[in-house]
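J.: What follows is query02.cif, mmCIF, C-alpha atoms.
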data_entry
loop_
_atom_site.label_atom_id
_atom_site.label_comp_id
_atom_site.auth_asym_id
_atom_site.auth_seq_id
_atom_site.Cartn_x
_atom_site.Cartn_y
_atom_site.Cartn_z
CA MET A 25 -13.41 3.74 -18.03
CA ALA A 26 -10.05 5.45 -18.45
CA THR A 27 -8.63 7.19 -15.40
CA ARG A 28 -6.31 10.16 -15.09
CA ALA A 29 -2.63 9.32 -15.60
CA VAL A 30 -0.59 9.95 -12.46
CA ARG A 31 3.15 10.06 -13.09
CA ILE A 32 5.43 8.96 -10.30
CA ALA A 33 9.13 9.22 -11.13
CA GLY A 34 9.43 6.76 -14.04
CA VAL A 35 6.10 5.01 -13.41
CA THR A 36 2.68 6.00 -14.74
CA ILE A 37 -0.42 4.73 -12.98
CA GLY A 38 -3.77 5.11 -14.74
CA GLY A 39 -4.57 6.66 -18.08
CA GLY A 40 -4.43 3.29 -19.78
CA ALA A 41 -0.86 2.60 -18.64
CA PRO A 42 0.15 -1.01 -17.91
CA LEU A 43 -0.84 -2.44 -14.54
CA ALA A 44 1.70 -1.37 -11.92
CA LEU A 45 2.72 -2.92 -8.60
CA ILE A 46 3.34 -1.13 -5.32
CA GLY A 47 5.01 -3.50 -2.89
CA GLY A 48 7.54 -4.27 -0.21
CA PRO A 49 7.78 -5.24 3.46
CA CYS A 50 5.11 -3.78 5.73
CA ALA A 51 7.61 -2.03 8.02
CA ILE A 52 11.26 -1.18 7.45
CA GLU A 53 13.55 -3.46 9.47
CA ASN A 54 16.98 -2.07 8.64
CA GLU A 55 18.93 -0.72 5.67
CA ALA A 56 20.41 -4.06 4.59
CA HIS A 57 17.04 -5.77 4.53
CA ALA A 58 15.36 -2.89 2.71
CA LEU A 59 18.03 -2.87 0.01
CA MET A 60 17.88 -6.65 -0.38
CA MET A 61 14.11 -6.63 -0.78
CA ALA A 62 14.11 -3.64 -3.13
CA GLU A 63 16.73 -5.22 -5.39
CA ARG A 64 14.97 -8.60 -5.49
CA LEU A 65 11.58 -7.03 -6.15
CA GLN A 66 13.09 -4.82 -8.83
CA ALA A 67 14.57 -7.86 -10.59
CA ILE A 68 11.31 -9.84 -10.43
CA THR A 69 9.09 -7.01 -11.66
CA ALA A 70 11.54 -5.99 -14.39
CA GLY A 71 11.60 -9.58 -15.60
CA ALA A 72 7.81 -9.61 -15.70
CA GLY A 73 7.58 -6.20 -17.38
CA VAL A 74 5.60 -4.73 -14.48
CA PRO A 75 6.19 -1.08 -13.47
CA PHE A 76 7.15 -1.06 -9.79
CA ILE A 77 7.13 1.32 -6.80
CA TYR A 78 8.81 0.23 -3.56
CA LYS A 79 6.74 0.52 -0.39
CA SER A 80 7.78 0.14 3.22
CA SER A 81 6.65 2.07 6.30
CA TYR A 82 9.00 4.04 8.52
CA ASP A 83 6.35 3.94 11.25
CA LYS A 84 3.24 1.79 11.68
CA ALA A 85 1.43 4.11 14.06
CA ASN A 86 -1.75 2.01 14.28
CA ARG A 87 -0.38 -1.28 15.58
CA SER A 88 -2.67 -3.23 17.92
CA SER A 89 -0.32 -3.28 20.93
CA VAL A 90 2.03 -0.72 22.43
CA HIS A 91 4.66 -3.49 22.38
CA SER A 92 4.37 -4.17 18.63
CA TYR A 93 7.23 -3.30 16.29
CA ARG A 94 6.44 -0.05 14.47
CA GLY A 95 9.54 0.54 12.35
CA PRO A 96 12.65 2.70 12.73
CA GLY A 97 10.79 6.02 12.88
CA LEU A 98 10.58 9.05 10.63
CA LYS A 99 14.23 10.19 10.49
CA GLU A 100 15.93 6.81 10.16
CA GLY A 101 13.18 5.39 7.97
CA LEU A 102 13.40 8.23 5.47
CA ARG A 103 17.19 7.89 5.42
CA ILE A 104 16.81 4.21 4.49
CA LEU A 105 14.22 4.94 1.82
CA ALA A 106 16.48 7.63 0.37
CA ARG A 107 19.24 5.01 0.24
CA VAL A 108 16.90 2.62 -1.59
CA LYS A 109 16.20 5.34 -4.16
CA ASP A 110 19.88 6.12 -4.61
CA VAL A 111 20.95 2.49 -5.05
CA THR A 112 18.07 1.15 -7.15
CA GLY A 113 16.54 4.19 -8.82
CA LEU A 114 13.11 3.00 -7.71
CA ALA A 115 10.30 5.34 -6.70
CA VAL A 116 9.40 4.94 -3.02
CA LEU A 117 6.18 5.23 -1.01
CA SER A 118 5.48 5.28 2.71
CA ASP A 119 2.71 6.26 5.15
CA VAL A 120 2.35 9.67 6.75
CA HIS A 121 0.33 9.97 9.94
CA ASP A 122 0.47 13.61 10.96
CA VAL A 123 0.77 17.01 9.30
CA SER A 124 4.20 17.44 10.91
CA GLU A 125 5.52 14.45 8.93
CA VAL A 126 4.43 15.67 5.51
CA GLY A 127 7.25 18.16 4.86
CA PRO A 128 10.18 15.84 5.68
CA ALA A 129 8.48 12.89 3.99
CA ALA A 130 7.82 14.83 0.78
CA GLU A 131 11.54 15.60 0.49
CA ILE A 132 12.27 11.86 0.06
CA LEU A 133 9.10 10.01 -0.92
CA ASP A 134 7.72 9.94 -4.45
CA VAL A 135 4.21 9.19 -3.14
CA LEU A 136 2.68 10.09 0.21
CA GLN A 137 0.24 7.49 1.50
CA VAL A 138 -2.60 8.28 3.89
CA PRO A 139 -3.50 5.19 5.96
CA ALA A 140 -7.07 3.91 5.96
CA PHE A 141 -7.74 4.94 9.55
CA LEU A 142 -6.78 8.53 8.67
CA CYS A 143 -8.54 8.90 5.32
CA ARG A 144 -11.03 11.45 6.69
CA GLN A 145 -8.42 13.61 8.45
CA THR A 146 -8.93 16.83 6.52
CA ASP A 147 -5.79 18.66 7.66
CA LEU A 148 -3.60 15.67 6.80
CA LEU A 149 -5.17 15.30 3.35
CA LEU A 150 -4.74 19.01 2.62
CA ALA A 151 -1.12 19.00 3.76
CA CYS A 152 -0.37 16.01 1.54
CA ALA A 153 -2.11 17.66 -1.40
CA ARG A 154 -0.03 20.81 -0.96
CA SER A 155 3.25 18.89 -0.74
CA GLY A 156 3.67 18.63 -4.49
CA ARG A 157 3.75 14.84 -4.30
CA PRO A 158 1.08 12.41 -5.54
CA VAL A 159 -1.18 11.21 -2.74
CA ASN A 160 -2.42 7.64 -2.30
CA VAL A 161 -5.37 7.39 0.08
CA LYS A 162 -6.41 4.03 1.49
CA LYS A 163 -10.20 3.74 1.73
CA GLY A 164 -11.17 3.36 5.37
CA GLN A 165 -12.55 -0.01 6.40
CA PHE A 166 -15.58 1.93 7.63
CA LEU A 167 -16.31 3.84 4.40
CA ALA A 168 -18.54 3.07 1.45
CA PRO A 169 -16.72 3.39 -1.90
CA ARG A 170 -18.76 6.47 -2.90
CA ASP A 171 -17.67 8.22 0.30
CA MET A 172 -14.21 8.48 -1.22
CA GLY A 173 -15.63 11.24 -3.41
CA ASN A 174 -15.34 13.53 -0.38
CA VAL A 175 -11.68 12.56 -0.03
CA VAL A 176 -11.08 13.43 -3.69
CA GLU A 177 -12.82 16.78 -3.23
CA LYS A 178 -10.62 17.66 -0.24
CA ILE A 179 -7.41 16.93 -2.12
CA ARG A 180 -8.55 18.77 -5.24
CA SER A 181 -9.51 21.79 -3.13
CA ALA A 182 -5.82 22.15 -2.26
CA GLY A 183 -4.84 22.19 -5.92
CA SER A 184 -3.71 18.62 -6.46
CA GLU A 185 -4.93 16.28 -9.20
CA ASP A 186 -2.34 13.55 -8.59
CA ILE A 187 -4.66 11.32 -6.60
CA LEU A 188 -4.64 7.55 -6.12
CA LEU A 189 -7.41 5.66 -4.33
CA THR A 190 -6.83 2.25 -2.76
CA GLU A 191 -9.35 -0.43 -1.77
CA ARG A 192 -8.20 -2.54 1.20
CA GLY A 193 -11.32 -4.31 2.43
CA THR A 194 -14.34 -3.35 4.49
CA SER A 195 -15.12 -4.23 8.11
CA PHE A 196 -17.29 -7.34 8.26
CA GLY A 197 -18.21 -7.87 11.90
CA TYR A 198 -15.42 -8.15 14.45
CA ASN A 199 -11.84 -8.97 13.41
CA ASN A 200 -12.73 -9.58 9.79
CA LEU A 201 -12.74 -7.84 6.42
CA VAL A 202 -14.58 -8.51 3.19
CA VAL A 203 -13.96 -7.17 -0.31
CA ASP A 204 -16.90 -5.78 -2.26
CA PHE A 205 -15.55 -5.72 -5.79
CA ARG A 206 -18.26 -3.27 -6.83
CA GLY A 207 -16.14 -0.68 -5.04
CA LEU A 208 -13.42 -0.79 -7.70
CA PRO A 209 -15.54 0.50 -10.61
CA ILE A 210 -17.43 2.80 -8.25
CA MET A 211 -14.22 4.54 -7.20
CA ARG A 212 -12.93 4.64 -10.77
CA GLU A 213 -15.98 6.77 -11.61
CA PHE A 214 -14.20 9.66 -9.86
CA GLY A 215 -11.70 9.59 -12.72
CA TYR A 216 -8.57 8.83 -10.71
CA PRO A 217 -6.51 5.64 -10.63
CA VAL A 218 -7.74 2.88 -8.36
CA ILE A 219 -5.40 0.43 -6.65
CA PHE A 220 -6.32 -2.87 -5.02
CA ASP A 221 -4.49 -3.78 -1.81
CA ALA A 222 -4.53 -7.57 -1.94
CA THR A 223 -2.68 -8.19 1.33
CA HIS A 224 -4.45 -5.85 3.75
CA SER A 225 -7.73 -7.12 2.34
CA VAL A 226 -7.04 -10.53 3.92
CA GLN A 227 -6.00 -9.05 7.26
CA LEU A 228 -7.91 -10.08 10.40
CA PRO A 229 -7.70 -6.81 12.39
CA GLY A 230 -6.85 -7.52 16.02
CA GLY A 231 -7.56 -11.18 15.31
CA GLN A 232 -4.74 -12.46 17.52
CA GLY A 233 -5.58 -10.32 20.53
CA ASP A 234 -2.47 -8.14 20.76
CA ARG A 235 -1.88 -8.16 17.00
CA SER A 236 -3.70 -8.68 13.73
CA GLY A 237 -3.96 -12.01 12.01
CA GLY A 238 -4.30 -12.69 8.33
CA GLU A 239 -5.26 -15.23 5.69
CA ARG A 240 -2.33 -15.16 3.28
CA GLN A 241 -3.74 -18.10 1.31
CA TYR A 242 -6.35 -15.80 -0.27
CA VAL A 243 -4.03 -12.98 -1.42
CA GLN A 244 -3.42 -14.35 -4.88
CA ALA A 245 -7.08 -15.14 -5.56
CA LEU A 246 -8.18 -11.63 -4.62
CA ALA A 247 -5.39 -10.06 -6.68
CA ARG A 248 -6.46 -12.05 -9.74
CA ALA A 249 -10.09 -11.08 -9.18
CA ALA A 250 -9.26 -7.37 -8.91
CA VAL A 251 -7.32 -7.43 -12.17
CA ALA A 252 -10.25 -9.12 -13.87
CA VAL A 253 -12.63 -6.47 -12.55
CA GLY A 254 -10.28 -3.65 -13.57
CA VAL A 255 -7.70 -1.69 -11.55
CA ASP A 256 -4.76 0.53 -12.39
CA ALA A 257 -2.32 -1.01 -9.93
CA LEU A 258 -1.96 -3.66 -7.26
CA PHE A 259 -0.61 -3.06 -3.77
CA MET A 260 0.93 -5.99 -1.91
CA GLU A 261 3.09 -6.19 1.15
CA ILE A 262 5.78 -8.75 0.35
CA HIS A 263 8.49 -10.40 2.45
CA GLU A 264 11.04 -13.15 1.90
CA ASP A 265 10.02 -14.88 5.16
CA PRO A 266 6.85 -13.30 6.57
CA ASP A 267 6.52 -15.80 9.42
CA ARG A 268 9.92 -15.16 10.98
CA THR A 269 10.43 -12.91 13.99
CA LEU A 270 12.67 -9.92 14.55
CA ALA A 271 15.95 -10.25 16.43
CA ASP A 272 14.18 -9.34 19.68
CA GLY A 273 11.57 -12.06 19.18
CA ARG A 274 8.70 -9.81 18.16
CA PRO A 275 6.66 -10.85 15.11
CA LEU A 276 6.86 -8.87 11.91
CA SER A 277 4.24 -6.21 11.26
CA ASP A 278 1.43 -7.81 9.21
CA GLY A 279 3.38 -11.03 8.78
CA PRO A 280 0.27 -13.28 8.48
CA ASN A 281 -1.03 -11.42 5.43
CA MET A 282 2.20 -10.54 3.60
CA LEU A 283 2.83 -12.39 0.33
CA ARG A 284 5.90 -14.60 0.19
CA LEU A 285 8.47 -13.18 -2.20
CA ASP A 286 8.91 -16.56 -3.91
CA ASP A 287 5.21 -16.57 -4.83
CA LEU A 288 5.39 -13.25 -6.68
CA PRO A 289 6.77 -14.34 -10.09
CA ARG A 290 3.98 -16.85 -10.71
CA LEU A 291 1.32 -14.40 -9.54
CA LEU A 292 2.62 -11.71 -11.90
CA ALA A 293 2.47 -14.18 -14.78
CA GLU A 294 -1.11 -15.10 -13.91
CA ILE A 295 -2.10 -11.45 -13.62
CA ALA A 296 -0.55 -10.69 -17.00
CA ALA A 297 -2.62 -13.45 -18.60
CA ILE A 298 -5.82 -12.19 -16.97
CA GLY A 299 -5.09 -8.62 -18.02
CA ALA A 300 -4.47 -9.68 -21.61
CA GLY A 301 -7.75 -11.57 -21.67
CA ALA A 302 -9.77 -8.83 -20.00
CA GLY A 303 -8.71 -6.18 -22.53
CA PRO A 304 -8.98 -2.41 -21.87
CA SER A 305 -10.70 -1.49 -18.59
#
I need this file expressed as structure tokens, please.

T.:
Amino acid sequence: MATRAVRIAGVTIGGGAPLALIGGPCAIENEAHALMMAERLQAITAGAGVPFIYKSSYDKANRSSVHSYRGPGLKEGLRILARVKDVTGLAVLSDVHDVSEVGPAAEILDVLQVPAFLCRQTDLLLACARSGRPVNVKKGQFLAPRDMGNVVEKIRSAGSEDILLTERGTSFGYNNLVVDFRGLPIMREFGYPVIFDATHSVQLPGGQGDRSGGERQYVQALARAAVAVGVDALFMEIHEDPDRTLADGRPLSDGPNMLRLDDLPRLLAEIAAIGAGAGPS
């Protein structure tokens, strides 16, 4: 079924528009790295003809350990994302975690993203809806796909119709996630664009004790499957070297499940072939 078209800067998601990609490093490291990744991703997606939105988090507030790297924080992170916009012209997306963040974030971001753990936080959803920016809500690992109808209702009650819904896996016992692909058409029944998060769906939450693990080897298979089922966009956290550490020795946020940048061109070509074969969704 066709979904509502949500326009984000120069990118349209849904409404029969071409499959888009939202991607970038999980957490912002510094300005130089953000610009390098944005420019390389822009070149790859432009070459593949894939509409692209840059994603990176200024703060990962739900890390497993108090010692984990979270990002540069709201002020510095938004400054870096504004710089990415200025240099590349790309639309940018990041997570908001609290009502107090929504105003400053909406001044810079083209899309406000509500993390999965916060998808039922009514005040946060309403504040995002009233910001004037499109809102992407990650489906909680604890929610059934049809439960996202309540999320849609909350956002619409505040006057917004620019809603994106993202599937990112469902809790399957301890430290594991599973993807029920029935959830994609179920959520599309609400009439709003549905995005598949291929990298968080292979995360192993808390699987390494003080941090999450991941099974990167399955990212591409799940992305291909989601396109075959029918989605409006893919979401993937992408890094040029996801297994390296930061300068202080700490591991990258979500390193084990981020896609390697060098693997993206082939995956986009495969996805394009699947989309052409699947026809209108």

J.: Compare A:Gln66, A:Ser80, A:Ser124, A:Ser184 by their minimum atom-to-atom distance to A:Phe259, counting all atoms listed in the file, and give me the closest one.

T.: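 With all atoms listed in the file as the atom set, the closest residue is A:Ser80.
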
J.: Taking the file as shown, find all residues satisfying the PyMOL selection byres ((chain A and resi 168-182) around 6) and write them as a VMD selection string.

T.: chain A and resid 150 153 167 183 to 185 207 211

J.: May I ask for the distance between atom CA of A:Leu258 and atom CA of A:Phe220, given in Å to one decimal place?

T.: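 Straight-line distance from atom CA of A:Leu258 to atom CA of A:Phe220 works out to 5.0 Å.
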
J.: Counting only C-alpha atoms, figure out which residue out of A:Asp122, A:Glu131, A:Glu100, A:Asp221 gets nearest to A:Leu208.

T.: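 Under the stated criterion, the closest residue is A:Asp221.
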
J.: For A:Arg274, which residue out of A:Gly39, A:Gly197, A:Gly95, A:Gly164 is the nearest one, using all atoms listed in the file?

T.: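 So, comparing all the options, the nearest one is A:Gly95.
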
J.: Name the residues in contact with A:Gly38 at a cut-off of 6 Å, using all atoms listed in the file, excluding same-chain residues fewer than 5 positions from it; report them as a list in words.

T.: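 Here the qualifying residues turn out to be Thr27, Arg28, Ala29, Pro217 and Asp256 of chain A.
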
J.: Point out the residue among A:Val251, A:Ala115, A:Leu189, A:Val226 with the least atom-to-atom distance to A:Ile210, counting all atoms listed in the file.

T.: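 Checking each of A:Val251, A:Ala115, A:Leu189, A:Val226 against A:Ile210, counting all atoms listed in the file, the winner is A:Leu189.
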
J.: Neighbours of A:Glu125 within 10 Å (only C-alpha atoms; same-chain residues fewer than 2 positions away dropped), as a list in words?

T.: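 Skipping anything fewer than 2 positions along the chain leaves Leu98, Lys99, Asp119, Val120, His121, Asp122, Val123, Gly127, Pro128, Ala129, Ala130, Leu148, Ala151 and Cys152 of chain A.
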
J.: Kindly resolve the PyMOL selection byres ((chain A and resi 112) around 9) on the present coordinates and return the residues as a list in words.

T.: Leu59, Ala62, Glu63, Gln66, Arg107, Val108, Lys109, Asp110, Val111, Gly113, Leu114 and Ala115 of chain A

J.: Please write as a list in words the full residue list that the PyMOL selection byres ((chain A and resi 67-71) around 10) yields on this file.

T.: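 Applied to this file, the PyMOL selection byres ((chain A and resi 67-71) around 10) selects Ala44, Leu45, Met61, Ala62, Glu63, Arg64, Leu65, Gln66, Ala72, Gly73, Val74, Pro75, Phe76, Ile77, Leu285, Asp286, Leu288, Pro289 and Leu292 of chain A.
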
J.: Contacts of A:Ile262 at 6 Å or less, counting all atoms listed in the file, minus same-chain residues fewer than 4 places along, as a ChimeraX atom specification?

T.: /A:48-49,282-285

J.: So which one's closest to A:Asp186, A:Arg248, A:Arg154, A:Arg144, A:Arg94? Using all atoms listed in the file, please.

T.: A:Arg154

J.: Nearest residue to A:Gly237 out of A:Ala249, A:His91, A:Ala85, A:Leu201, using all atoms listed in the file?

T.: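 Ranked by minimum distance to A:Gly237, first place goes to A:Leu201.
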
J.: Can you pull out every residue within 7 Å of A:Leu133, counting only C-alpha atoms, but drop anything in the same chain fewer than 4 positions away, and send it as a ChimeraX atom specification?

T.: /A:116-118,129

J.: Please measure the separation of atom CA of A:Ala51 and atom CA of A:His263, giving the value in Å to one decimal.

T.: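 Going from atom CA of A:Ala51 over to atom CA of A:His263, I get 10.1 Å.
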
J.: Using atom CA of A:Glu239 and atom CA of A:Glu55 as the two end points, give the distance in Å to one decimal.

T.: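 Here the two named atoms are 28.2 Å from each other.
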
J.: Env of A:Val135: 6 Å cut, atoms = all atoms listed in the file, seq-sep filter 6 positions within chain, self excluded. Answer as an mmCIF file with C-alpha atoms, in the coordinates of the input.

T.:
data_model
loop_
_atom_site.group_PDB
_atom_site.id
_atom_site.type_symbol
_atom_site.label_atom_id
_atom_site.label_comp_id
_atom_site.auth_asym_id
_atom_site.auth_seq_id
_atom_site.Cartn_x
_atom_site.Cartn_y
_atom_site.Cartn_z
ATOM 1 C CA LEU A 117 6.180 5.230 -1.010
ATOM 2 C CA ARG A 157 3.750 14.840 -4.300
ATOM 3 C CA PRO A 158 1.080 12.410 -5.540
ATOM 4 C CA VAL A 159 -1.180 11.210 -2.740
#

J.: Taking all listed atoms of stretch 109-117 of chain A, build the axis-aligned box, pad each of the six sides by 6 Å, then write its centre and edge lengths in Å to one decimal as lines of an AutoDock Vina configuration file.

T.:
center_x = 13.6
center_y = 3.6
center_z = -4.9
size_x = 26.8
size_y = 17.0
size_z = 19.8

J.: Once N, CA and C atoms are restored for stretch 155-180 of chain A, what would the output be as a short mmCIF file (atom, residue, chain, number, x, y, z; two decimals), in the coordinates of the input?

T.:
data_model
loop_
_atom_site.label_atom_id
_atom_site.label_comp_id
_atom_site.auth_asym_id
_atom_site.auth_seq_id
_atom_site.Cartn_x
_atom_site.Cartn_y
_atom_site.Cartn_z
N SER A 155 1.84 19.26 -0.80
CA SER A 155 3.25 18.89 -0.74
C SER A 155 3.92 18.85 -2.10
N GLY A 156 3.11 18.78 -3.15
CA GLY A 156 3.67 18.63 -4.49
C GLY A 156 3.90 17.19 -4.90
N ARG A 157 3.60 16.26 -4.01
CA ARG A 157 3.75 14.84 -4.30
C ARG A 157 2.38 14.20 -4.57
N PRO A 158 2.33 13.16 -5.42
CA PRO A 158 1.08 12.41 -5.54
C PRO A 158 0.67 11.84 -4.18
N VAL A 159 -0.64 11.67 -4.01
CA VAL A 159 -1.18 11.21 -2.74
C VAL A 159 -2.00 9.94 -2.98
N ASN A 160 -1.64 8.88 -2.27
CA ASN A 160 -2.42 7.64 -2.30
C ASN A 160 -3.20 7.54 -1.00
N VAL A 161 -4.53 7.46 -1.11
CA VAL A 161 -5.37 7.39 0.08
C VAL A 161 -6.00 6.00 0.14
N LYS A 162 -5.76 5.32 1.26
CA LYS A 162 -6.41 4.03 1.49
C LYS A 162 -7.85 4.30 1.93
N LYS A 163 -8.80 3.60 1.32
CA LYS A 163 -10.20 3.74 1.73
C LYS A 163 -10.38 3.11 3.11
N GLY A 164 -10.95 3.88 4.03
CA GLY A 164 -11.17 3.36 5.37
C GLY A 164 -12.04 2.12 5.37
N GLN A 165 -11.76 1.21 6.28
CA GLN A 165 -12.55 -0.01 6.40
C GLN A 165 -14.01 0.29 6.75
N PHE A 166 -14.26 1.49 7.18
CA PHE A 166 -15.58 1.93 7.63
C PHE A 166 -16.31 2.76 6.59
N LEU A 167 -15.71 2.97 5.41
CA LEU A 167 -16.31 3.84 4.40
C LEU A 167 -16.92 3.04 3.25
N ALA A 168 -18.01 3.57 2.71
CA ALA A 168 -18.54 3.07 1.45
C ALA A 168 -17.68 3.62 0.32
N PRO A 169 -17.56 2.90 -0.80
CA PRO A 169 -16.72 3.39 -1.90
C PRO A 169 -17.08 4.80 -2.36
N ARG A 170 -18.37 5.13 -2.43
CA ARG A 170 -18.76 6.47 -2.90
C ARG A 170 -18.35 7.57 -1.93
N ASP A 171 -18.12 7.22 -0.67
CA ASP A 171 -17.67 8.22 0.30
C ASP A 171 -16.28 8.75 -0.04
N MET A 172 -15.54 8.01 -0.85
CA MET A 172 -14.21 8.48 -1.22
C MET A 172 -14.29 9.71 -2.13
N GLY A 173 -15.46 10.01 -2.65
CA GLY A 173 -15.63 11.24 -3.41
C GLY A 173 -15.33 12.46 -2.56
N ASN A 174 -15.64 12.41 -1.27
CA ASN A 174 -15.34 13.53 -0.38
C ASN A 174 -13.83 13.67 -0.17
N VAL A 175 -13.14 12.54 -0.14
CA VAL A 175 -11.68 12.56 -0.03
C VAL A 175 -11.07 13.23 -1.27
N VAL A 176 -11.55 12.83 -2.44
CA VAL A 176 -11.08 13.43 -3.69
C VAL A 176 -11.31 14.93 -3.68
N GLU A 177 -12.48 15.35 -3.24
CA GLU A 177 -12.82 16.78 -3.23
C GLU A 177 -11.88 17.56 -2.31
N LYS A 178 -11.53 16.98 -1.16
CA LYS A 178 -10.62 17.66 -0.24
C LYS A 178 -9.25 17.87 -0.88
N ILE A 179 -8.74 16.83 -1.52
CA ILE A 179 -7.41 16.93 -2.12
C ILE A 179 -7.43 17.92 -3.28
N ARG A 180 -8.45 17.84 -4.10
CA ARG A 180 -8.55 18.77 -5.24
C ARG A 180 -8.69 20.21 -4.77
#
